[in-house]
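Visitor: Sending over upload_36.cif (mmCIF, C-alpha atoms).
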```cif
data_run
#
loop_
_atom_site.label_atom_id
_atom_site.label_comp_id
_atom_site.auth_asym_id
_atom_site.auth_seq_id
_atom_site.Cartn_x
_atom_site.Cartn_y
_atom_site.Cartn_z
CA MET A 6 -5.83 -34.61 30.43
CA SER A 7 -9.37 -34.40 31.83
CA THR A 8 -10.65 -36.83 34.44
CA ALA A 9 -13.13 -38.24 31.91
CA SER A 10 -10.39 -38.82 29.31
CA ALA A 11 -8.17 -40.51 31.86
CA ALA A 12 -11.03 -42.77 32.89
CA LEU A 13 -11.68 -43.72 29.27
CA LEU A 14 -8.01 -44.54 28.74
CA PHE A 15 -7.96 -46.68 31.88
CA LEU A 16 -11.10 -48.53 30.76
CA ALA A 17 -9.65 -49.16 27.29
CA ALA A 18 -6.41 -50.49 28.77
CA HIS A 19 -8.35 -52.75 31.13
CA CYS A 20 -10.44 -54.15 28.27
CA LEU A 21 -7.29 -54.80 26.25
CA LEU A 22 -5.82 -56.77 29.13
CA LEU A 23 -8.99 -58.81 29.40
CA LEU A 24 -8.93 -59.63 25.71
CA MET A 25 -5.23 -60.28 25.36
CA GLY A 26 -4.33 -61.65 28.76
CA SER A 27 -1.46 -60.43 30.88
CA GLU A 28 1.41 -61.87 28.78
CA ALA A 29 3.71 -59.12 27.57
CA GLY A 30 4.35 -60.89 24.28
CA GLY A 31 0.72 -61.17 23.18
CA GLY A 32 -2.45 -63.07 24.00
CA VAL A 33 -2.81 -66.64 25.18
CA PHE A 34 -3.83 -67.78 21.68
CA ASP A 35 -0.43 -66.70 20.37
CA LEU A 36 2.92 -68.14 21.37
CA GLY A 37 4.15 -66.73 24.66
CA ARG A 38 7.35 -64.85 25.45
CA HIS A 39 9.40 -67.88 26.54
CA GLY A 40 11.71 -69.82 24.27
CA VAL A 41 10.97 -73.54 24.55
CA ARG A 42 13.12 -76.65 24.58
CA LEU A 43 11.46 -79.93 23.63
CA ALA A 44 13.27 -83.04 24.88
CA ARG A 45 12.65 -86.76 24.98
CA VAL A 46 13.33 -88.55 28.24
CA ASP A 47 13.72 -92.30 28.06
CA GLU A 48 12.70 -94.66 30.83
CA ALA A 49 16.31 -95.58 31.53
CA ARG A 50 18.47 -93.04 29.68
CA ALA A 51 19.22 -89.36 29.86
CA PRO A 52 17.20 -86.86 27.80
CA SER A 53 18.07 -86.79 24.10
CA ARG A 54 17.71 -84.16 21.47
CA CYS A 55 14.23 -83.89 19.91
CA GLY A 56 13.61 -82.29 16.54
CA GLY A 57 15.42 -78.98 16.19
CA SER A 58 15.77 -78.34 19.90
CA ALA A 59 19.04 -77.86 21.77
CA PRO A 60 20.55 -80.88 23.56
CA PRO A 61 19.16 -81.21 27.07
CA ALA A 62 21.34 -81.06 30.15
CA PRO A 63 22.71 -84.37 31.42
CA PRO A 64 20.91 -85.81 34.41
CA GLY A 65 22.26 -85.14 37.87
CA ALA A 66 23.89 -87.83 39.93
CA GLY A 67 21.35 -90.31 41.15
CA ALA A 68 18.59 -88.93 38.91
CA LEU A 69 15.55 -91.17 38.84
CA PRO A 70 14.48 -92.43 35.39
CA PRO A 71 10.78 -91.84 34.70
CA PRO A 72 8.34 -94.76 34.83
CA LYS A 73 7.35 -94.07 31.20
CA PRO A 74 9.08 -92.41 28.24
CA LEU A 75 8.38 -88.69 28.22
CA LEU A 76 8.26 -85.69 25.95
CA VAL A 77 9.04 -82.60 28.03
CA ALA A 78 8.44 -79.04 26.80
CA ALA A 79 9.99 -76.46 29.10
CA PRO A 80 10.86 -72.75 29.01
CA ARG A 81 14.53 -72.10 28.33
CA GLU A 82 14.76 -69.15 30.71
CA ALA A 83 15.86 -69.88 34.27
CA GLY A 84 13.09 -69.80 36.85
CA GLU A 85 10.47 -71.89 38.62
CA TYR A 86 7.40 -72.92 36.62
CA PRO A 87 4.18 -74.84 37.27
CA VAL A 88 3.83 -78.29 35.69
CA LEU A 89 1.16 -79.68 33.38
CA VAL A 90 1.03 -83.45 32.74
CA PHE A 91 -0.53 -84.09 29.32
CA LEU A 92 -1.93 -87.53 28.45
CA HIS A 93 -2.24 -88.61 24.81
CA GLY A 94 -5.28 -90.10 23.11
CA TYR A 95 -5.97 -93.72 22.22
CA LEU A 96 -3.28 -95.50 20.18
CA VAL A 97 -1.45 -92.31 19.23
CA VAL A 98 1.97 -91.05 20.26
CA ASN A 99 2.83 -88.12 22.48
CA SER A 100 4.87 -86.43 19.75
CA PHE A 101 1.67 -85.81 17.76
CA TYR A 102 0.99 -83.00 20.25
CA SER A 103 4.45 -81.41 20.18
CA GLN A 104 3.23 -78.07 18.77
CA LEU A 105 0.46 -77.88 21.37
CA LEU A 106 2.88 -78.72 24.19
CA GLN A 107 5.27 -76.00 23.03
CA HIS A 108 2.45 -73.46 22.86
CA VAL A 109 1.59 -74.05 26.52
CA ALA A 110 5.26 -74.12 27.57
CA SER A 111 5.91 -70.79 25.85
CA HIS A 112 3.56 -69.19 28.39
CA GLY A 113 5.65 -70.33 31.33
CA TYR A 114 4.64 -73.94 32.04
CA ILE A 115 6.62 -77.17 32.06
CA VAL A 116 4.61 -79.73 30.10
CA VAL A 117 5.30 -83.42 30.72
CA ALA A 118 3.76 -85.79 28.17
CA PRO A 119 4.26 -89.50 28.92
CA GLN A 120 3.91 -92.23 26.32
CA LEU A 121 1.57 -94.39 28.39
CA TYR A 122 1.55 -97.36 26.01
CA THR A 123 2.18 -98.43 22.44
CA ILE A 124 -0.61 -100.99 22.17
CA SER A 125 -3.53 -101.13 24.58
CA GLY A 126 -6.88 -102.82 24.98
CA ALA A 127 -10.14 -101.39 26.24
CA ASP A 128 -9.26 -101.28 29.94
CA THR A 129 -7.64 -98.00 31.04
CA THR A 130 -6.60 -99.12 34.53
CA GLU A 131 -2.93 -99.54 33.64
CA GLU A 132 -2.89 -96.10 31.99
CA ILE A 133 -4.38 -94.50 35.09
CA ASN A 134 -1.77 -96.13 37.31
CA ALA A 135 1.06 -95.27 34.91
CA ALA A 136 -0.01 -91.61 34.77
CA ALA A 137 -0.15 -91.52 38.59
CA ALA A 138 3.38 -92.94 38.69
CA VAL A 139 4.63 -90.19 36.37
CA ILE A 140 3.10 -87.54 38.64
CA GLY A 141 4.77 -89.19 41.62
CA TRP A 142 8.11 -89.10 39.80
CA ILE A 143 8.01 -85.33 39.19
CA PRO A 144 9.39 -84.03 42.55
CA GLY A 145 12.49 -86.23 42.53
CA GLY A 146 13.10 -86.85 38.84
CA LEU A 147 11.92 -84.03 36.58
CA SER A 148 14.80 -81.66 37.37
CA SER A 149 17.21 -83.85 35.36
CA ALA A 150 15.16 -83.30 32.19
CA LEU A 151 15.04 -79.50 32.40
CA PRO A 152 17.28 -76.77 30.96
CA PRO A 153 19.90 -75.26 33.28
CA GLY A 154 18.35 -73.03 35.92
CA VAL A 155 14.80 -74.21 35.20
CA ARG A 156 12.94 -75.63 38.20
CA ALA A 157 9.58 -77.36 38.46
CA ASP A 158 7.13 -76.14 41.10
CA ALA A 159 5.95 -79.52 42.38
CA THR A 160 3.30 -77.80 44.50
CA LYS A 161 1.51 -76.73 41.31
CA VAL A 162 0.95 -79.82 39.16
CA SER A 163 -2.08 -79.97 36.87
CA VAL A 164 -3.26 -82.73 34.54
CA SER A 165 -4.66 -82.62 31.03
CA GLY A 166 -5.50 -85.22 28.42
CA HIS A 167 -7.04 -85.65 25.01
CA SER A 168 -9.73 -88.20 24.09
CA ARG A 169 -9.11 -91.34 26.13
CA GLY A 170 -6.32 -89.40 27.84
CA GLY A 171 -8.98 -86.92 28.95
CA LYS A 172 -10.87 -89.78 30.57
CA VAL A 173 -7.66 -90.86 32.33
CA ALA A 174 -7.13 -87.28 33.53
CA PHE A 175 -10.65 -87.29 35.00
CA ALA A 176 -9.96 -90.67 36.62
CA LEU A 177 -6.87 -89.24 38.33
CA ALA A 178 -8.81 -86.23 39.59
CA LEU A 179 -11.53 -88.55 40.91
CA GLY A 180 -9.06 -90.65 42.89
CA HIS A 181 -8.96 -93.83 40.79
CA ALA A 182 -5.24 -93.98 41.61
CA LYS A 183 -3.41 -92.66 44.64
CA LEU A 184 -1.51 -89.49 43.79
CA ALA A 185 1.62 -88.33 45.57
CA LEU A 186 0.67 -84.71 44.79
CA PRO A 187 -2.67 -82.90 44.85
CA LEU A 188 -3.81 -81.66 41.44
CA ALA A 189 -3.99 -77.91 40.94
CA ALA A 190 -6.31 -78.07 37.91
CA LEU A 191 -7.80 -80.40 35.28
CA VAL A 192 -8.06 -79.64 31.55
CA ALA A 193 -9.87 -82.31 29.49
CA VAL A 194 -9.59 -81.94 25.71
CA ASP A 195 -12.54 -83.60 23.97
CA PRO A 196 -12.58 -86.44 26.55
CA VAL A 197 -14.16 -89.76 25.57
CA ASP A 198 -15.38 -92.63 27.77
CA GLY A 199 -15.87 -95.48 25.31
CA MET A 200 -17.87 -96.09 22.15
CA GLY A 201 -21.24 -94.89 23.41
CA VAL A 202 -23.68 -94.92 26.30
CA GLY A 203 -23.64 -98.43 27.74
CA ARG A 204 -20.43 -99.19 25.79
CA GLN A 205 -17.90 -97.51 28.05
CA THR A 206 -14.37 -98.75 28.59
CA PRO A 207 -13.42 -99.97 32.06
CA PRO A 208 -13.29 -98.42 34.51
CA PRO A 209 -16.27 -96.28 33.44
CA ILE A 210 -16.06 -92.65 34.56
CA LEU A 211 -19.40 -91.32 33.38
CA THR A 212 -22.45 -92.51 35.29
CA GLY A 213 -25.35 -90.90 33.44
CA ARG A 214 -26.22 -88.92 36.59
CA GLY A 215 -25.74 -85.20 36.97
CA GLY A 216 -23.42 -84.19 39.79
CA SER A 217 -21.80 -87.63 40.06
CA LEU A 218 -18.25 -86.48 39.22
CA ARG A 219 -16.87 -85.04 42.45
CA VAL A 220 -13.74 -83.40 41.07
CA PRO A 221 -12.14 -81.26 43.78
CA ALA A 222 -9.81 -79.39 41.40
CA PRO A 223 -10.96 -76.64 39.01
CA ALA A 224 -11.98 -78.32 35.74
CA MET A 225 -12.00 -77.13 32.13
CA VAL A 226 -13.68 -79.26 29.46
CA LEU A 227 -12.94 -78.42 25.82
CA GLY A 228 -15.05 -80.02 23.12
CA THR A 229 -15.43 -80.21 19.35
CA GLY A 230 -18.56 -79.78 17.31
CA LEU A 231 -17.52 -82.34 14.68
CA GLY A 232 -16.23 -84.99 17.08
CA GLU A 233 -19.65 -86.56 17.54
CA LEU A 234 -20.19 -86.83 13.77
CA PRO A 235 -18.86 -89.83 11.80
CA ARG A 236 -16.19 -89.37 9.14
CA GLY A 237 -18.20 -91.56 6.79
CA PRO A 238 -21.05 -94.07 6.68
CA LEU A 239 -18.86 -96.99 7.77
CA LEU A 240 -16.98 -95.22 10.57
CA PRO A 241 -18.19 -94.47 14.10
CA PRO A 242 -17.78 -90.94 15.49
CA CYS A 243 -14.51 -90.40 17.33
CA ALA A 244 -16.21 -88.63 20.27
CA PRO A 245 -19.72 -90.13 20.47
CA ARG A 246 -22.52 -88.12 21.97
CA GLY A 247 -23.32 -89.18 25.52
CA VAL A 248 -19.75 -90.18 26.41
CA SER A 249 -17.80 -87.09 25.38
CA HIS A 250 -17.27 -83.48 26.45
CA ALA A 251 -20.89 -82.46 27.16
CA ALA A 252 -21.45 -85.52 29.35
CA PHE A 253 -18.25 -84.95 31.33
CA TYR A 254 -19.11 -81.33 31.97
CA GLY A 255 -22.76 -82.09 32.68
CA GLU A 256 -21.89 -84.67 35.33
CA LEU A 257 -19.55 -82.40 37.31
CA ASP A 258 -20.64 -81.96 40.91
CA ARG A 259 -21.28 -78.22 41.12
CA ALA A 260 -20.82 -78.24 44.89
CA ALA A 261 -17.48 -80.07 44.82
CA VAL A 262 -15.65 -78.42 41.92
CA ALA A 263 -13.80 -75.21 42.75
CA GLY A 264 -14.60 -73.72 39.35
CA ALA A 265 -15.30 -75.02 35.87
CA CYS A 266 -15.87 -74.02 32.28
CA HIS A 267 -16.94 -75.70 29.06
CA LEU A 268 -15.92 -74.39 25.63
CA VAL A 269 -16.79 -76.04 22.32
CA ALA A 270 -15.16 -75.34 18.96
CA ALA A 271 -18.12 -75.67 16.62
CA ASP A 272 -16.41 -76.36 13.31
CA TYR A 273 -13.48 -78.57 14.31
CA GLY A 274 -12.95 -82.26 14.85
CA HIS A 275 -11.57 -84.62 17.44
CA THR A 276 -7.92 -84.63 16.33
CA ASP A 277 -7.65 -81.10 14.97
CA MET A 278 -5.44 -79.90 17.86
CA MET A 279 -2.64 -82.29 16.86
CA ASP A 280 0.49 -81.35 14.92
CA ASP A 281 0.22 -80.33 11.28
CA ASP A 282 2.41 -83.31 10.42
CA THR A 283 1.64 -86.59 12.19
CA PRO A 284 3.84 -89.16 10.42
CA GLY A 285 3.42 -92.88 9.96
CA ALA A 286 0.37 -95.10 9.83
CA ARG A 287 -0.97 -93.83 13.14
CA GLY A 288 -0.57 -90.27 11.98
CA MET A 289 -2.51 -91.01 8.79
CA LEU A 290 -5.31 -92.50 10.88
CA THR A 291 -5.70 -89.27 12.87
CA ARG A 292 -6.91 -87.67 9.63
CA ALA A 293 -8.63 -90.67 8.04
CA ILE A 294 -10.85 -91.81 10.91
CA CYS A 295 -12.04 -88.61 12.57
CA ARG A 296 -14.02 -85.86 10.91
CA SER A 297 -11.96 -82.68 10.57
CA GLY A 298 -12.52 -78.98 10.22
CA GLY A 299 -9.51 -78.55 7.94
CA ALA A 300 -6.35 -76.70 8.97
CA ARG A 301 -5.24 -77.66 12.46
CA ALA A 302 -3.47 -74.46 13.49
CA PRO A 303 -6.60 -72.50 14.59
CA MET A 304 -7.86 -75.38 16.77
CA ARG A 305 -4.40 -75.91 18.23
CA ARG A 306 -4.13 -72.21 19.10
CA PHE A 307 -7.56 -72.35 20.72
CA VAL A 308 -6.82 -75.43 22.84
CA GLY A 309 -3.39 -74.15 23.86
CA GLY A 310 -4.65 -70.66 24.64
CA ALA A 311 -7.75 -71.79 26.53
CA ALA A 312 -5.66 -74.17 28.63
CA VAL A 313 -3.16 -71.40 29.42
CA ALA A 314 -5.97 -69.00 30.36
CA PHE A 315 -7.53 -71.55 32.70
CA LEU A 316 -4.20 -72.48 34.31
CA ASP A 317 -3.25 -68.83 34.68
CA LYS A 318 -6.42 -68.23 36.68
CA TRP A 319 -6.42 -71.31 38.89
CA VAL A 320 -2.70 -71.96 39.24
CA ARG A 321 -1.24 -68.46 39.09
CA GLY A 322 -4.21 -66.43 40.29
CA ASP A 323 -4.34 -64.28 37.12
CA GLY A 324 -7.83 -64.43 35.64
CA ALA A 325 -7.45 -61.70 33.01
CA ALA A 326 -7.17 -64.00 29.97
CA LEU A 327 -9.99 -66.31 31.07
CA ASP A 328 -12.21 -63.32 31.84
CA GLY A 329 -11.43 -62.05 28.35
CA ILE A 330 -12.57 -65.32 26.76
CA ARG A 331 -15.77 -65.21 28.77
CA ALA A 332 -16.50 -61.58 27.97
CA ARG A 333 -15.57 -61.77 24.27
CA PRO A 334 -15.57 -65.39 23.04
CA GLU A 335 -15.50 -64.16 19.46
CA GLN A 336 -11.85 -63.22 20.02
CA ALA A 337 -10.92 -66.92 20.02
CA PRO A 338 -9.29 -68.23 16.82
CA VAL A 339 -12.27 -70.58 16.30
CA ALA A 340 -16.03 -70.08 16.53
CA LEU A 341 -17.36 -71.25 19.89
CA SER A 342 -20.82 -72.82 20.02
CA VAL A 343 -20.76 -73.36 23.80
CA VAL A 344 -19.32 -71.00 26.42
CA GLU A 345 -20.28 -72.12 29.92
CA PHE A 346 -18.80 -71.12 33.26
CA LEU A 347 -19.51 -72.50 36.71
CA ASP A 348 -19.22 -70.85 40.13
CA GLU A 349 -17.73 -67.65 38.85
CA GLU A 350 -19.16 -64.18 38.58
CA ALA A 351 -19.01 -62.57 35.17
CA PRO A 352 -16.23 -59.99 34.81
CA ALA A 353 -17.25 -56.38 35.21
CA GLU A 354 -18.17 -54.59 32.02
#
```
Step by step, read the file and then write its structure as structure tokens.
Guide:
Amino acid sequence: MSTASAALLFLAAHCLLLLMGSEAGGGVFDLGRHGVRLARVDEARAPSRCGGSAPPAPPGAGALPPPKPLLVAAPREAGEYPVLVFLHGYLVVNSFYSQLLQHVASHGYIVVAPQLYTISGADTTEEINAAAAVIGWIPGGLSSALPPGVRADATKVSVSGHSRGGKVAFALALGHAKLALPLAALVAVDPVDGMGVGRQTPPPILTGRGGSLRVPAPAMVLGTGLGELPRGPLLPPCAPRGVSHAAFYGELDRAAVAGACHLVAADYGHTDMMDDDTPGARGMLTRAICRSGGARAPMRRFVGGAAVAFLDKWVRGDGAALDGIRARPEQAPVALSVVEFLDEEAPAE
């Protein structure tokens, strides 16, 4: 083989890695190579079987119950994995995200999704404190909820959240509650801070000033193009302009944040990353209130894959998948209207 041919083969292989990521089983937008167990963990009882998953291991002696009920998605294969705490949106249940949680877990992450409340008012202070308590519980309590041989790396805990949960995730990163562990990364999924500019829920996170959000951890903000549009003439938008993804990203302090990116799915709505089946009255509302782009699977694959790519870079030090998204955003399962990166050099051509 000539030197030129070998160089071309090397370049093609490198480009393929950039586009597909470094997972042997496929790209970040597809399910990863790990089998996943999804388990419920009650505040005062051992984990119980969830859906079609295998029964979880019994808790060890003296295991600490979590401060809130949890849904935990973890790889089945023995090993040590980073942790992502995922916070649900307003007045929905954590199980509405079970397919998204399993997508992320299949790429080698333990995803902990607390049910922060059943009914809540406008003030998010209790949610912020409850989420901080869950993070503090992880080092001493999470092991009892994991499959045999699976260990949580408590030095690598990241936080994510959708809608109001995205606001709570930002609040944690900004120090609105004392955390027992430093955050490795922040992933906000269509975050929302109230009903509109001047109508924010307490405590307000957005200030209306660029550079006011001094988030020390790397931050990814994912948005939707349809979230700021109303479902009908009598309904408000689910992610109003001025208090949603663009505002959160725009107010990041460029000097403080280690790295950041902003991706927007043009043709999808605020709840389109949830499960295909969200039962009950609350589940019906996720489709009736917010404008939707149709089938949820493409948006769910995008959110899960983008989150994995960002965590791989900033938690594991493997930037191949995120570089691939930046170099070829058209490879995402949804059309992206915004692709912005902060404090990073573009990958080499």
Visitor: Apply the PyMOL selection byres ((chain A and resi 198-214) around 7) to the file shown and report the selected residues as an mmCIF file with C-alpha atoms, in the frame of the given file.
Guide:
```
data_model
loop_
_atom_site.group_PDB
_atom_site.id
_atom_site.type_symbol
_atom_site.label_atom_id
_atom_site.label_comp_id
_atom_site.auth_asym_id
_atom_site.auth_seq_id
_atom_site.Cartn_x
_atom_site.Cartn_y
_atom_site.Cartn_z
ATOM 1 C CA ALA A 127 -10.140 -101.390 26.240
ATOM 2 C CA ASP A 128 -9.260 -101.280 29.940
ATOM 3 C CA THR A 129 -7.640 -98.000 31.040
ATOM 4 C CA THR A 130 -6.600 -99.120 34.530
ATOM 5 C CA ARG A 169 -9.110 -91.340 26.130
ATOM 6 C CA LYS A 172 -10.870 -89.780 30.570
ATOM 7 C CA ALA A 176 -9.960 -90.670 36.620
ATOM 8 C CA PRO A 196 -12.580 -86.440 26.550
ATOM 9 C CA VAL A 197 -14.160 -89.760 25.570
ATOM 10 C CA GLY A 215 -25.740 -85.200 36.970
ATOM 11 C CA GLY A 216 -23.420 -84.190 39.790
ATOM 12 C CA SER A 217 -21.800 -87.630 40.060
ATOM 13 C CA PRO A 245 -19.720 -90.130 20.470
ATOM 14 C CA GLY A 247 -23.320 -89.180 25.520
ATOM 15 C CA VAL A 248 -19.750 -90.180 26.410
ATOM 16 C CA SER A 249 -17.800 -87.090 25.380
ATOM 17 C CA PHE A 253 -18.250 -84.950 31.330
ATOM 18 C CA GLU A 256 -21.890 -84.670 35.330
#
```
Visitor: Apply the PyMOL selection byres ((chain A and resi 140) around 8) to the displayed file and report the matching residues as a list of chain:residue names.
Guide: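 With the PyMOL selection byres ((chain A and resi 140) around 8) on this model, the match is A:Val90, A:Ala136, A:Ala137, A:Ala138, A:Val139, A:Gly141, A:Trp142, A:Ile143, A:Leu184, A:Ala185, A:Leu186.
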Visitor: Kindly save the residues from that selection, with C-alpha atoms included, as a tab-separated table (two decimals), keeping the file's coordinate frame.
Guide:
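Here's the written file result.tsv:
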```tsv
chain	number	residue	atom	x	y	z
A	90	VAL	CA	1.03	-83.45	32.74
A	136	ALA	CA	-0.01	-91.61	34.77
A	137	ALA	CA	-0.15	-91.52	38.59
A	138	ALA	CA	3.38	-92.94	38.69
A	139	VAL	CA	4.63	-90.19	36.37
A	141	GLY	CA	4.77	-89.19	41.62
A	142	TRP	CA	8.11	-89.10	39.80
A	143	ILE	CA	8.01	-85.33	39.19
A	184	LEU	CA	-1.51	-89.49	43.79
A	185	ALA	CA	1.62	-88.33	45.57
A	186	LEU	CA	0.67	-84.71	44.79
```
Visitor: Provide the atom CA of A:Leu76 to atom CA of A:Ser149 distance in Å, to one decimal place.
Guide: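 A separation of 13.1 Å between them.
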Visitor: For the point (-14.4, -67.9, 24.3) in file coordinates, what residues are within 12 Å, counting all atoms listed in the file? Give the answer as a PyMOL selection string?
Guide: chain A and resi 23-25+33-34+227+266-271+307-308+310-312+314-315+326-346
Visitor: By how many Å are atom CA of A:Arg301 and atom CA of A:Gly255 apart?
Guide: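 Here the two named atoms are 27.1 Å from each other.
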Visitor: In Å, with one decimal, what is the gap from atom CA of A:Glu48 to atom CA of A:Pro72?
Guide: 5.9 Å
Visitor: Just want the 12 Å neighbourhood of A:Ala286, counted on only C-alpha atoms, with same-chain residues fewer than 6 positions away dropped. Output as JSON, numbers by chain.
Guide: {"A": [96, 97, 98, 292, 293, 294]}
Visitor: Give me, as a list in words, all polymer residues having an atom no more than 9 Å from A:Ala263, counting only C-alpha atoms and skipping those fewer than 4 positions away in the same chain.
Guide: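 The filter keeps Val220, Pro221, Ala222, Pro223, Ala224, Arg259, Leu347 and Asp348 of chain A.
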Visitor: Quick one: of A:Ala190, A:Leu106, A:Ala150, A:Leu316, who's nearest to A:Ala174, counting all atoms listed in the file?
Guide: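 Of all the options, A:Ala190 lies closest to A:Ala174.
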Visitor: With a distance cut-off of 9 Å and all atoms listed in the file, select the neighbouring residues of A:Ser163, excluding the residue or stretch itself and same-chain residues fewer than 6 positions from it, and output the selection as a VMD selection string.
Guide: chain A and resid 87 to 91 187 to 192 222 316 320
Visitor: Please save C-alpha atoms of the selected residues as a PDB file, in the coordinates of the input.
Guide:
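New file again_18.pdb:
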```pdb
ATOM      1  CA  PRO A  87       4.180 -74.840  37.270  1.00  0.00           C
ATOM      2  CA  VAL A  88       3.830 -78.290  35.690  1.00  0.00           C
ATOM      3  CA  LEU A  89       1.160 -79.680  33.380  1.00  0.00           C
ATOM      4  CA  VAL A  90       1.030 -83.450  32.740  1.00  0.00           C
ATOM      5  CA  PHE A  91      -0.530 -84.090  29.320  1.00  0.00           C
ATOM      6  CA  PRO A 187      -2.670 -82.900  44.850  1.00  0.00           C
ATOM      7  CA  LEU A 188      -3.810 -81.660  41.440  1.00  0.00           C
ATOM      8  CA  ALA A 189      -3.990 -77.910  40.940  1.00  0.00           C
ATOM      9  CA  ALA A 190      -6.310 -78.070  37.910  1.00  0.00           C
ATOM     10  CA  LEU A 191      -7.800 -80.400  35.280  1.00  0.00           C
ATOM     11  CA  VAL A 192      -8.060 -79.640  31.550  1.00  0.00           C
ATOM     12  CA  ALA A 222      -9.810 -79.390  41.400  1.00  0.00           C
ATOM     13  CA  LEU A 316      -4.200 -72.480  34.310  1.00  0.00           C
ATOM     14  CA  VAL A 320      -2.700 -71.960  39.240  1.00  0.00           C
TER      15      VAL A 320
END
```
Visitor: For A:Thr160, which of A:Tyr86, A:Ala193, A:Lys183, A:Val46 is the closest residue, counting all atoms listed in the file?
Guide: A:Tyr86
